[in-house]
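Text of my_file-v4.pdb (PDB, C-alpha atoms) as supplied:
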ATOM      1  CA  MET F   1      35.644  56.507 -10.878
ATOM      2  CA  SER F   2      36.248  56.298  -7.167
ATOM      3  CA  VAL F   3      36.462  53.033  -5.303
ATOM      4  CA  SER F   4      33.413  53.957  -3.278
ATOM      5  CA  ALA F   5      31.420  54.611  -6.457
ATOM      6  CA  SER F   6      32.510  51.262  -7.921
ATOM      7  CA  VAL F   7      31.382  49.462  -4.797
ATOM      8  CA  ALA F   8      28.085  51.302  -4.796
ATOM      9  CA  SER F   9      27.403  50.464  -8.431
ATOM     10  CA  ALA F  10      28.322  46.772  -8.121
ATOM     11  CA  PRO F  11      25.340  44.394  -8.055
ATOM     12  CA  SER F  12      24.495  43.300  -4.548
ATOM     13  CA  ALA F  13      24.561  39.612  -3.628
ATOM     14  CA  PRO F  14      21.134  37.946  -3.471
ATOM     15  CA  PRO F  15      19.754  37.617   0.034
ATOM     16  CA  ALA F  16      20.358  34.288   1.748
ATOM     17  CA  SER F  17      16.643  33.442   1.668
ATOM     18  CA  ALA F  18      16.485  33.893  -2.103
ATOM     19  CA  ALA F  19      19.580  31.765  -2.658
ATOM     20  CA  ALA F  20      18.058  29.017  -0.569
ATOM     21  CA  ALA F  21      14.647  29.171  -2.274
ATOM     22  CA  PRO F  22      13.490  25.662  -3.265
ATOM     23  CA  THR F  23      13.514  24.761  -6.945
ATOM     24  CA  VAL F  24      10.713  22.954  -8.758
ATOM     25  CA  TRP F  25      12.823  19.791  -8.839
ATOM     26  CA  SER F  26      13.506  19.869  -5.100
ATOM     27  CA  ALA F  27       9.745  20.150  -4.521
ATOM     28  CA  VAL F  28       8.752  17.227  -6.783
ATOM     29  CA  GLN F  29      11.800  15.044  -6.107
ATOM     30  CA  PRO F  30      10.272  13.181  -3.113
ATOM     31  CA  PHE F  31       7.197  12.353  -5.203
ATOM     32  CA  VAL F  32       9.209  11.162  -8.231
ATOM     33  CA  PHE F  33      11.662   9.027  -6.266
ATOM     34  CA  GLY F  34       8.875   7.662  -4.056
ATOM     35  CA  GLY F  35       6.878   6.529  -7.081
ATOM     36  CA  LEU F  36       9.845   5.063  -8.944
ATOM     37  CA  SER F  37      11.052   3.142  -5.896
ATOM     38  CA  GLY F  38       7.538   1.796  -5.336
ATOM     39  CA  MET F  39       7.221   0.665  -8.955
ATOM     40  CA  ALA F  40      10.618  -1.056  -8.812
ATOM     41  CA  ALA F  41       9.589  -2.836  -5.602
ATOM     42  CA  THR F  42       6.311  -3.957  -7.195
ATOM     43  CA  THR F  43       8.083  -5.837  -9.988
ATOM     44  CA  VAL F  44       9.922  -7.832  -7.321
ATOM     45  CA  ILE F  45       7.125  -8.443  -4.813
ATOM     46  CA  GLN F  46       4.223  -8.951  -7.245
ATOM     47  CA  PRO F  47       4.381 -12.788  -6.945
ATOM     48  CA  ILE F  48       4.250 -12.498  -3.143
ATOM     49  CA  ASP F  49       1.293 -10.124  -3.370
ATOM     50  CA  MET F  50      -0.517 -12.518  -5.700
ATOM     51  CA  VAL F  51      -0.121 -15.377  -3.215
ATOM     52  CA  LYS F  52      -1.201 -13.115  -0.341
ATOM     53  CA  VAL F  53      -4.435 -12.130  -2.089
ATOM     54  CA  ARG F  54      -5.265 -15.748  -2.945
ATOM     55  CA  ILE F  55      -4.733 -16.781   0.696
ATOM     56  CA  GLN F  56      -7.081 -14.018   1.873
ATOM     57  CA  LEU F  57      -9.814 -15.104  -0.551
ATOM     58  CA  LEU F  58      -9.576 -18.869  -0.033
ATOM     59  CA  GLY F  59     -12.173 -20.381   2.303
ATOM     60  CA  GLU F  60     -14.388 -17.299   2.204
ATOM     61  CA  GLY F  61     -17.423 -17.737   4.448
ATOM     62  CA  ALA F  62     -16.254 -20.846   6.301
ATOM     63  CA  LYS F  63     -13.786 -21.752   9.015
ATOM     64  CA  GLY F  64     -10.824 -23.751   7.900
ATOM     65  CA  LYS F  65      -7.165 -24.448   8.466
ATOM     66  CA  GLY F  66      -4.609 -21.923   7.317
ATOM     67  CA  VAL F  67      -3.232 -22.568   3.879
ATOM     68  CA  SER F  68       0.479 -22.652   3.110
ATOM     69  CA  PRO F  69       1.773 -19.966   0.734
ATOM     70  CA  PHE F  70       3.893 -22.638  -0.926
ATOM     71  CA  ALA F  71       0.791 -24.760  -1.572
ATOM     72  CA  VAL F  72      -0.970 -21.743  -3.076
ATOM     73  CA  ALA F  73       2.050 -21.001  -5.267
ATOM     74  CA  ARG F  74       2.122 -24.602  -6.523
ATOM     75  CA  GLN F  75      -1.600 -24.477  -7.328
ATOM     76  CA  LEU F  76      -1.150 -21.215  -9.238
ATOM     77  CA  VAL F  77       1.651 -22.611 -11.374
ATOM     78  CA  ALA F  78      -0.213 -25.876 -12.004
ATOM     79  CA  ALA F  79      -3.421 -24.113 -13.053
ATOM     80  CA  HIS F  80      -2.184 -21.024 -14.888
ATOM     81  CA  GLY F  81       1.574 -21.290 -15.388
ATOM     82  CA  ILE F  82       4.446 -19.262 -13.974
ATOM     83  CA  SER F  83       3.104 -16.046 -15.538
ATOM     84  CA  ALA F  84       0.152 -16.179 -13.126
ATOM     85  CA  PHE F  85       2.383 -14.641 -10.446
ATOM     86  CA  TYR F  86       2.412 -11.421 -12.455
ATOM     87  CA  THR F  87      -1.337 -11.199 -13.039
ATOM     88  CA  GLY F  88      -2.350  -7.579 -12.520
ATOM     89  CA  LEU F  89       1.191  -6.207 -12.783
ATOM     90  CA  SER F  90       0.018  -3.230 -14.854
ATOM     91  CA  ALA F  91      -2.455  -2.324 -12.090
ATOM     92  CA  GLY F  92       0.230  -2.775  -9.443
ATOM     93  CA  LEU F  93       2.600  -0.452 -11.276
ATOM     94  CA  LEU F  94      -0.031   2.225 -11.844
ATOM     95  CA  ARG F  95      -1.095   1.921  -8.212
ATOM     96  CA  GLN F  96       2.462   2.602  -7.121
ATOM     97  CA  ALA F  97       2.694   5.516  -9.534
ATOM     98  CA  THR F  98      -0.305   7.085  -7.784
ATOM     99  CA  TYR F  99      -0.428   5.805  -4.197
ATOM    100  CA  THR F 100       3.264   5.496  -3.380
ATOM    101  CA  THR F 101       4.184   8.673  -5.233
ATOM    102  CA  ALA F 102       1.672  10.600  -3.135
ATOM    103  CA  ARG F 103       2.399   8.715   0.109
ATOM    104  CA  MET F 104       6.181   9.060   0.101
ATOM    105  CA  GLY F 105       6.165  12.528  -1.415
ATOM    106  CA  LEU F 106       3.655  13.882   1.087
ATOM    107  CA  PHE F 107       5.428  12.266   4.050
ATOM    108  CA  ASN F 108       8.773  13.780   3.060
ATOM    109  CA  THR F 109       7.103  17.137   2.426
ATOM    110  CA  PHE F 110       5.383  17.077   5.827
ATOM    111  CA  MET F 111       8.638  16.088   7.557
ATOM    112  CA  ALA F 112      10.561  18.853   5.808
ATOM    113  CA  ALA F 113       7.975  21.360   6.986
ATOM    114  CA  LEU F 114       8.042  20.006  10.528
ATOM    115  CA  ASP F 115      11.833  20.048  10.955
ATOM    116  CA  ASP F 116      12.057  23.528   9.386
ATOM    117  CA  GLY F 117      15.109  22.755   7.287
ATOM    118  CA  GLY F 118      16.818  20.723  10.007
ATOM    119  CA  LYS F 119      16.403  23.423  12.650
ATOM    120  CA  LYS F 120      13.910  21.492  14.773
ATOM    121  CA  LYS F 121      13.886  17.938  16.084
ATOM    122  CA  VAL F 122      10.716  16.121  15.033
ATOM    123  CA  GLY F 123       9.168  13.949  17.751
ATOM    124  CA  PHE F 124       7.581  10.522  17.382
ATOM    125  CA  VAL F 125       4.023  11.874  17.614
ATOM    126  CA  GLU F 126       4.698  14.371  14.828
ATOM    127  CA  LYS F 127       6.228  11.614  12.679
ATOM    128  CA  ALA F 128       3.170   9.452  13.308
ATOM    129  CA  VAL F 129       0.741  12.225  12.343
ATOM    130  CA  ALA F 130       2.721  12.927   9.162
ATOM    131  CA  GLY F 131       2.645   9.227   8.287
ATOM    132  CA  LEU F 132      -1.090   8.924   8.918
ATOM    133  CA  ALA F 133      -1.933  11.967   6.821
ATOM    134  CA  ALA F 134       0.343  10.930   3.948
ATOM    135  CA  GLY F 135      -1.006   7.377   3.911
ATOM    136  CA  GLY F 136      -4.664   8.402   3.978
ATOM    137  CA  LEU F 137      -4.350  10.954   1.184
ATOM    138  CA  GLY F 138      -2.284   8.592  -0.960
ATOM    139  CA  ALA F 139      -4.828   5.793  -0.548
ATOM    140  CA  VAL F 140      -7.672   7.920  -1.893
ATOM    141  CA  ALA F 141      -5.636   8.648  -5.018
ATOM    142  CA  GLY F 142      -4.643   5.015  -5.528
ATOM    143  CA  ASN F 143      -7.940   3.229  -4.757
ATOM    144  CA  PRO F 144      -9.125   2.748  -8.379
ATOM    145  CA  CYS F 145      -5.849   1.052  -9.298
ATOM    146  CA  ASP F 146      -5.930  -0.955  -6.070
ATOM    147  CA  LEU F 147      -9.427  -2.217  -6.877
ATOM    148  CA  ALA F 148      -8.403  -3.097 -10.442
ATOM    149  CA  LEU F 149      -5.419  -5.035  -9.069
ATOM    150  CA  ILE F 150      -7.595  -7.124  -6.726
ATOM    151  CA  ARG F 151     -10.136  -7.819  -9.476
ATOM    152  CA  MET F 152      -7.417  -8.977 -11.874
ATOM    153  CA  GLN F 153      -5.754 -11.176  -9.237
ATOM    154  CA  ALA F 154      -9.044 -12.733  -8.116
ATOM    155  CA  ASP F 155     -10.445 -13.287 -11.612
ATOM    156  CA  GLY F 156      -8.749 -16.667 -12.032
ATOM    157  CA  MET F 157     -10.601 -18.023  -8.982
ATOM    158  CA  ALA F 158     -14.004 -17.604 -10.642
ATOM    159  CA  PRO F 159     -15.556 -20.305 -12.879
ATOM    160  CA  ALA F 160     -14.296 -20.019 -16.446
ATOM    161  CA  ALA F 161     -17.666 -18.742 -17.720
ATOM    162  CA  ALA F 162     -17.773 -15.972 -15.089
ATOM    163  CA  ARG F 163     -14.254 -14.622 -15.587
ATOM    164  CA  LYS F 164     -13.791 -11.071 -16.852
ATOM    165  CA  ASN F 165     -10.373 -11.723 -18.409
ATOM    166  CA  TYR F 166      -9.199  -8.139 -18.017
ATOM    167  CA  SER F 167      -6.398  -7.380 -20.461
ATOM    168  CA  SER F 168      -4.828  -4.466 -18.547
ATOM    169  CA  VAL F 169      -5.438  -1.988 -15.750
ATOM    170  CA  VAL F 170      -6.949   0.472 -18.237
ATOM    171  CA  ASN F 171      -9.324  -2.208 -19.518
ATOM    172  CA  ALA F 172     -10.283  -3.181 -15.958
ATOM    173  CA  ILE F 173     -10.955   0.393 -14.806
ATOM    174  CA  ALA F 174     -12.948   1.193 -17.966
ATOM    175  CA  ARG F 175     -15.114  -1.932 -17.721
ATOM    176  CA  ILE F 176     -15.735  -1.596 -13.970
ATOM    177  CA  SER F 177     -16.768   2.041 -14.481
ATOM    178  CA  ARG F 178     -19.094   1.110 -17.339
ATOM    179  CA  GLU F 179     -20.638  -1.982 -15.716
ATOM    180  CA  GLU F 180     -20.842  -0.878 -12.069
ATOM    181  CA  GLY F 181     -20.611   2.910 -12.183
ATOM    182  CA  ILE F 182     -17.722   5.302 -11.648
ATOM    183  CA  LEU F 183     -18.105   5.251  -7.859
ATOM    184  CA  ALA F 184     -17.448   1.492  -7.888
ATOM    185  CA  LEU F 185     -13.768   2.375  -8.370
ATOM    186  CA  TRP F 186     -13.740   3.541  -4.762
ATOM    187  CA  LYS F 187     -15.205   0.335  -3.313
ATOM    188  CA  GLY F 188     -13.371  -0.569  -0.160
ATOM    189  CA  SER F 189     -11.904   2.917   0.092
ATOM    190  CA  GLY F 190     -12.725   3.074   3.817
ATOM    191  CA  PRO F 191     -10.519   0.149   4.892
ATOM    192  CA  THR F 192      -8.039   1.082   2.159
ATOM    193  CA  VAL F 193      -7.530   4.500   3.724
ATOM    194  CA  VAL F 194      -7.360   3.080   7.259
ATOM    195  CA  ARG F 195      -4.960   0.378   6.041
ATOM    196  CA  ALA F 196      -2.716   2.988   4.453
ATOM    197  CA  MET F 197      -2.772   5.134   7.587
ATOM    198  CA  ALA F 198      -1.998   2.129   9.786
ATOM    199  CA  LEU F 199       0.725   1.023   7.374
ATOM    200  CA  ASN F 200       2.343   4.418   7.461
ATOM    201  CA  LEU F 201       2.026   4.669  11.226
ATOM    202  CA  GLY F 202       3.845   1.354  11.498
ATOM    203  CA  MET F 203       6.286   1.814   8.611
ATOM    204  CA  LEU F 204       7.330   5.407   8.046
ATOM    205  CA  SER F 205       7.164   6.734  11.584
ATOM    206  CA  THR F 206       8.371   3.517  13.269
ATOM    207  CA  TYR F 207      11.228   3.126  10.779
ATOM    208  CA  SER F 208      12.369   6.648  11.486
ATOM    209  CA  GLU F 209      12.118   6.102  15.238
ATOM    210  CA  ALA F 210      13.815   2.672  15.109
ATOM    211  CA  LYS F 211      16.643   4.100  13.013
ATOM    212  CA  THR F 212      17.159   6.925  15.517
ATOM    213  CA  ARG F 213      17.411   4.446  18.393
ATOM    214  CA  LEU F 214      19.531   1.851  16.555
ATOM    215  CA  GLU F 215      22.125   4.196  15.064
ATOM    216  CA  PRO F 216      24.109   4.562  18.338
ATOM    217  CA  VAL F 217      24.332   0.744  18.513
ATOM    218  CA  LEU F 218      24.697  -0.353  14.878
ATOM    219  CA  GLY F 219      26.254   2.763  13.375
ATOM    220  CA  LYS F 220      24.920   5.748  11.492
ATOM    221  CA  ASN F 221      23.940   5.104   7.852
ATOM    222  CA  SER F 222      25.088   1.468   8.112
ATOM    223  CA  SER F 223      23.449  -1.436   6.276
ATOM    224  CA  ALA F 224      22.817  -3.190   9.585
ATOM    225  CA  THR F 225      20.883  -0.181  10.872
ATOM    226  CA  ALA F 226      18.790   0.022   7.708
ATOM    227  CA  LEU F 227      17.979  -3.713   7.720
ATOM    228  CA  ALA F 228      17.145  -3.838  11.416
ATOM    229  CA  SER F 229      15.000  -0.713  11.187
ATOM    230  CA  SER F 230      13.116  -2.169   8.203
ATOM    231  CA  ALA F 231      12.519  -5.444  10.058
ATOM    232  CA  VAL F 232      11.114  -3.662  13.114
ATOM    233  CA  ALA F 233       9.006  -1.250  11.063
ATOM    234  CA  GLY F 234       7.745  -4.060   8.819
ATOM    235  CA  PHE F 235       6.477  -6.072  11.774
ATOM    236  CA  PHE F 236       4.500  -3.190  13.270
ATOM    237  CA  ALA F 237       3.242  -2.121   9.849
ATOM    238  CA  SER F 238       1.999  -5.671   9.163
ATOM    239  CA  PHE F 239       0.411  -6.061  12.592
ATOM    240  CA  PHE F 240      -1.470  -2.767  12.439
ATOM    241  CA  SER F 241      -2.559  -2.840   8.805
ATOM    242  CA  LEU F 242      -3.230  -6.477   7.815
ATOM    243  CA  PRO F 243      -6.822  -6.676   9.184
ATOM    244  CA  PHE F 244      -7.746  -3.636   7.089
ATOM    245  CA  ASP F 245      -5.917  -5.047   4.072
ATOM    246  CA  PHE F 246      -7.929  -8.240   4.493
ATOM    247  CA  LEU F 247     -11.246  -6.345   4.602
ATOM    248  CA  LYS F 248     -10.185  -4.217   1.643
ATOM    249  CA  THR F 249      -9.438  -7.332  -0.418
ATOM    250  CA  ARG F 250     -12.780  -8.959   0.404
ATOM    251  CA  LEU F 251     -14.767  -5.797  -0.395
ATOM    252  CA  GLN F 252     -12.937  -4.956  -3.611
ATOM    253  CA  LYS F 253     -13.203  -8.504  -4.923
ATOM    254  CA  GLN F 254     -16.990  -8.779  -4.564
ATOM    255  CA  VAL F 255     -19.323  -8.252  -7.512
ATOM    256  CA  PRO F 256     -23.139  -8.329  -7.568
ATOM    257  CA  ASP F 257     -24.709 -11.802  -7.517
ATOM    258  CA  PRO F 258     -25.860 -12.583 -11.098
ATOM    259  CA  SER F 259     -29.280 -13.832  -9.960
ATOM    260  CA  THR F 260     -30.132 -11.434  -7.102
ATOM    261  CA  GLY F 261     -27.965  -8.422  -7.887
ATOM    262  CA  LYS F 262     -26.971  -8.247  -4.221
ATOM    263  CA  MET F 263     -23.502  -8.033  -2.737
ATOM    264  CA  MET F 264     -22.153 -10.520  -0.183
ATOM    265  CA  TYR F 265     -21.096  -7.637   2.087
ATOM    266  CA  LYS F 266     -23.024  -4.402   2.626
ATOM    267  CA  GLY F 267     -19.982  -2.519   3.811
ATOM    268  CA  THR F 268     -16.846  -2.621   5.936
ATOM    269  CA  LEU F 269     -18.590  -3.291   9.258
ATOM    270  CA  ASP F 270     -20.845  -5.963   7.756
ATOM    271  CA  CYS F 271     -17.818  -7.660   6.210
ATOM    272  CA  ALA F 272     -15.926  -7.587   9.522
ATOM    273  CA  VAL F 273     -18.865  -9.036  11.462
ATOM    274  CA  LYS F 274     -19.515 -11.826   8.950
ATOM    275  CA  VAL F 275     -15.852 -12.802   8.787
ATOM    276  CA  PHE F 276     -15.593 -12.811  12.593
ATOM    277  CA  GLU F 277     -18.711 -14.987  12.967
ATOM    278  CA  LYS F 278     -18.064 -17.427  10.118
ATOM    279  CA  GLU F 279     -14.270 -17.623   9.929
ATOM    280  CA  GLY F 280     -13.080 -16.539  13.367
ATOM    281  CA  PRO F 281     -10.901 -13.628  14.543
ATOM    282  CA  LEU F 282      -7.654 -15.107  13.219
ATOM    283  CA  ALA F 283      -9.021 -14.868   9.674
ATOM    284  CA  PHE F 284      -8.128 -11.177   9.706
ATOM    285  CA  TYR F 285      -4.463 -12.206   9.885
ATOM    286  CA  LYS F 286      -4.571 -14.700   7.022
ATOM    287  CA  GLY F 287      -1.340 -14.520   5.067
ATOM    288  CA  PHE F 288       0.613 -12.645   7.761
ATOM    289  CA  GLY F 289       3.893 -14.239   6.693
ATOM    290  CA  THR F 290       3.552 -13.310   3.027
ATOM    291  CA  TYR F 291       2.266  -9.862   3.966
ATOM    292  CA  TYR F 292       5.270  -9.235   6.210
ATOM    293  CA  VAL F 293       7.697 -10.356   3.499
ATOM    294  CA  ARG F 294       5.885  -8.057   1.072
ATOM    295  CA  ILE F 295       5.865  -5.040   3.418
ATOM    296  CA  ALA F 296       9.221  -5.179   5.236
ATOM    297  CA  PRO F 297      11.559  -4.455   2.269
ATOM    298  CA  GLN F 298       9.659  -1.308   1.261
TER     299      GLN F 298
END

Written form, structure tokens:
Amino acid sequence: MSVSASVASAPSAPPASAAAAPTVWSAVQPFVFGGLSGMAATTVIQPIDMVKVRIQLLGEGAKGKGVSPFAVARQLVAAHGISAFYTGLSAGLLRQATYTTARMGLFNTFMAALDDGGKKKVGFVEKAVAGLAAGGLGAVAGNPCDLALIRMQADGMAPAAARKNYSSVVNAIARISREEGILALWKGSGPTVVRAMALNLGMLSTYSEAKTRLEPVLGKNSSATALASSAVAGFFASFFSLPFDFLKTRLQKQVPDPSTGKMMYKGTLDCAVKVFEKEGPLAFYKGFGTYYVRIAPQ
């Protein structure tokens, strides 16, 4: 057989595009790692989140002085024991498995599409749009778990006879669906979506931008750059999203009045107006310190 015939009969190398085709794992990897990292973070920050929610619900409907997170923590331990800090942990974990998995996975997917495999430089506006879209879509998926989390965390504030005593996130979702209807699981979804979009605008896009600007000063891929970028992003994320987180908490916590069957708030706008009139504009930033500590490490 001639050399030319051997060459002709040899299998040709796969085209570069086929060799570079994404695998199933590379496609789902951002979603898996995003969810796992969110669930790991939840086990650490759950006590902070519990205190934050209690601060937002204390003094509802009346003006009052801000309450110290340390005072709230002491009251929790005195009334319910140290385990009270982890009330609703199952809901928090499932929320991260849905919301954070979708949020981080979608953001990374959008960014990969925008930079075209590293060929294009993605601008701040494009990063912001990717963050907004990822946050909004993730929030819709995670709202039932978010609502269950708030209900479980707020349950201990009700009189003993009125408590639901949810045993788990599955129990909470099932009972809320049965008692209030399936659509009740999406109560507060409006501010939840806006909160998630604002959070992502402040966190994902600002972190990426801060990192880009800080790397020449603090070093590329250094711990100092990562910490400083997280601190900057966490501040903006907290500032933009806390008012919506506050409204979300108030709306998701409310249940029909036993005697009248009516809700305290008719909707997001009604809740915002009533809080502004009765508690003042600063009420929307109740628990800013605990919220920042909760958000910044993520």

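For the choices F:Gly66, F:Gly118, F:Gly59, F:Gly142, the atom-to-atom distance to F:Leu282 is smallest for F:Gly66 when using all atoms listed in the file.
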
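Near F:Lys274, within 9 Å and counting all atoms listed in the file, sit Gly61, Tyr265, Leu269, Asp270, Lys278 and Glu279 of chain F; same-chain residues fewer than 4 positions away were not included.
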
Using only C-alpha atoms, list the residues that have an atom at most 6 Å from (1.1, 2.7, -4.8), coordinates as in the file, as a count of residues only. 6

Residues of stretch 68-173 of chain F that approach stretch 24-31 of chain F to 8 Å or less, counting only C-alpha atoms: could you list each one with the shortest pair of atoms and its distance in Å to one decimal, rows by chain and increasing residue number, as a Markdown table?
| residue | atom | partner | partner_atom | distance |
| --- | --- | --- | --- | --- |
| F:Thr101 | CA | F:Phe31 | CA | 4.8 |
| F:Ala102 | CA | F:Phe31 | CA | 6.2 |
| F:Met104 | CA | F:Phe31 | CA | 6.3 |
| F:Gly105 | CA | F:Phe31 | CA | 3.9 |
| F:Leu106 | CA | F:Phe31 | CA | 7.4 |
| F:Asn108 | CA | F:Pro30 | CA | 6.4 |
| F:Thr109 | CA | F:Pro30 | CA | 7.5 |

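Here atom CA of F:Cys145 and atom CA of F:Leu227 stand 29.7 Å from one another.
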
Got a sec to resolve the PyMOL selection byres ((chain F and resi 126-134) around 12) on this structure and send the residues as a PyMOL selection string? chain F and resi 31+99-115+120-125+135-141+193-210+237+241

For the selection you just gave me, I'd like the residues written to a file as a compact mmCIF listing (two decimals), in the coordinates of the input, keeping C-alpha atoms.
# COMPACT_ATOMS: atom_id res chain seq x y z
CA PHE F 31 7.20 12.35 -5.20
CA TYR F 99 -0.43 5.80 -4.20
CA THR F 100 3.26 5.50 -3.38
CA THR F 101 4.18 8.67 -5.23
CA ALA F 102 1.67 10.60 -3.14
CA ARG F 103 2.40 8.72 0.11
CA MET F 104 6.18 9.06 0.10
CA GLY F 105 6.16 12.53 -1.42
CA LEU F 106 3.66 13.88 1.09
CA PHE F 107 5.43 12.27 4.05
CA ASN F 108 8.77 13.78 3.06
CA THR F 109 7.10 17.14 2.43
CA PHE F 110 5.38 17.08 5.83
CA MET F 111 8.64 16.09 7.56
CA ALA F 112 10.56 18.85 5.81
CA ALA F 113 7.98 21.36 6.99
CA LEU F 114 8.04 20.01 10.53
CA ASP F 115 11.83 20.05 10.96
CA LYS F 120 13.91 21.49 14.77
CA LYS F 121 13.89 17.94 16.08
CA VAL F 122 10.72 16.12 15.03
CA GLY F 123 9.17 13.95 17.75
CA PHE F 124 7.58 10.52 17.38
CA VAL F 125 4.02 11.87 17.61
CA GLY F 135 -1.01 7.38 3.91
CA GLY F 136 -4.66 8.40 3.98
CA LEU F 137 -4.35 10.95 1.18
CA GLY F 138 -2.28 8.59 -0.96
CA ALA F 139 -4.83 5.79 -0.55
CA VAL F 140 -7.67 7.92 -1.89
CA ALA F 141 -5.64 8.65 -5.02
CA VAL F 193 -7.53 4.50 3.72
CA VAL F 194 -7.36 3.08 7.26
CA ARG F 195 -4.96 0.38 6.04
CA ALA F 196 -2.72 2.99 4.45
CA MET F 197 -2.77 5.13 7.59
CA ALA F 198 -2.00 2.13 9.79
CA LEU F 199 0.72 1.02 7.37
CA ASN F 200 2.34 4.42 7.46
CA LEU F 201 2.03 4.67 11.23
CA GLY F 202 3.84 1.35 11.50
CA MET F 203 6.29 1.81 8.61
CA LEU F 204 7.33 5.41 8.05
CA SER F 205 7.16 6.73 11.58
CA THR F 206 8.37 3.52 13.27
CA TYR F 207 11.23 3.13 10.78
CA SER F 208 12.37 6.65 11.49
CA GLU F 209 12.12 6.10 15.24
CA ALA F 210 13.82 2.67 15.11
CA ALA F 237 3.24 -2.12 9.85
CA SER F 241 -2.56 -2.84 8.80

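Proximity to F:Ser68 was assessed for F:Thr225, F:Thr212, F:Thr290, F:Thr43 counting all atoms listed in the file; the smallest distance is recorded for F:Thr290.
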
For F:Asn171, work out the shell of residues within 12 Å, counting all atoms listed in the file and skipping chain neighbours fewer than 5 positions away, then give it as a VMD selection string. chain F and resid 88 90 to 91 145 148 to 149 151 to 152 164 to 166 176 to 179

Distance atom CA of F:Thr268-atom CA of F:Leu247, one decimal place? 6.9 Å

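Going from atom CA of F:Gly289 to atom CA of F:Leu76 covers 18.1 Å.
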
Stretch 193-196 of chain F: axis-aligned bounding box, 6 Å on each side, centre and edge lengths in Å, one decimal, as AutoDock Vina command-line options:
--center_x -5.1 --center_y 2.4 --center_z 5.5 --size_x 16.8 --size_y 16.1 --size_z 15.5

I would like the residues chosen by the PyMOL selection byres ((chain F and resi 72) around 12) on the shown file; could you give them as a ChimeraX atom specification? /F:47-58,66-71,73-80,84-85,157,287,290

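For the set F:Lys253, F:Thr192, F:Lys119, F:Leu89, the residue with the smallest atom-to-atom gap to F:Ala158 is F:Lys253, counting all atoms listed in the file.
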
Report the residues retrieved by the PyMOL selection byres ((chain F and resi 285) around 8) from the displayed file, expressed as a count of residues only. 9

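You can rank F:Met39, F:Lys211, F:Ala154, F:Ala62 by their closest distance to F:Gln254 using all atoms listed in the file, and at the top of that list sits F:Ala154.
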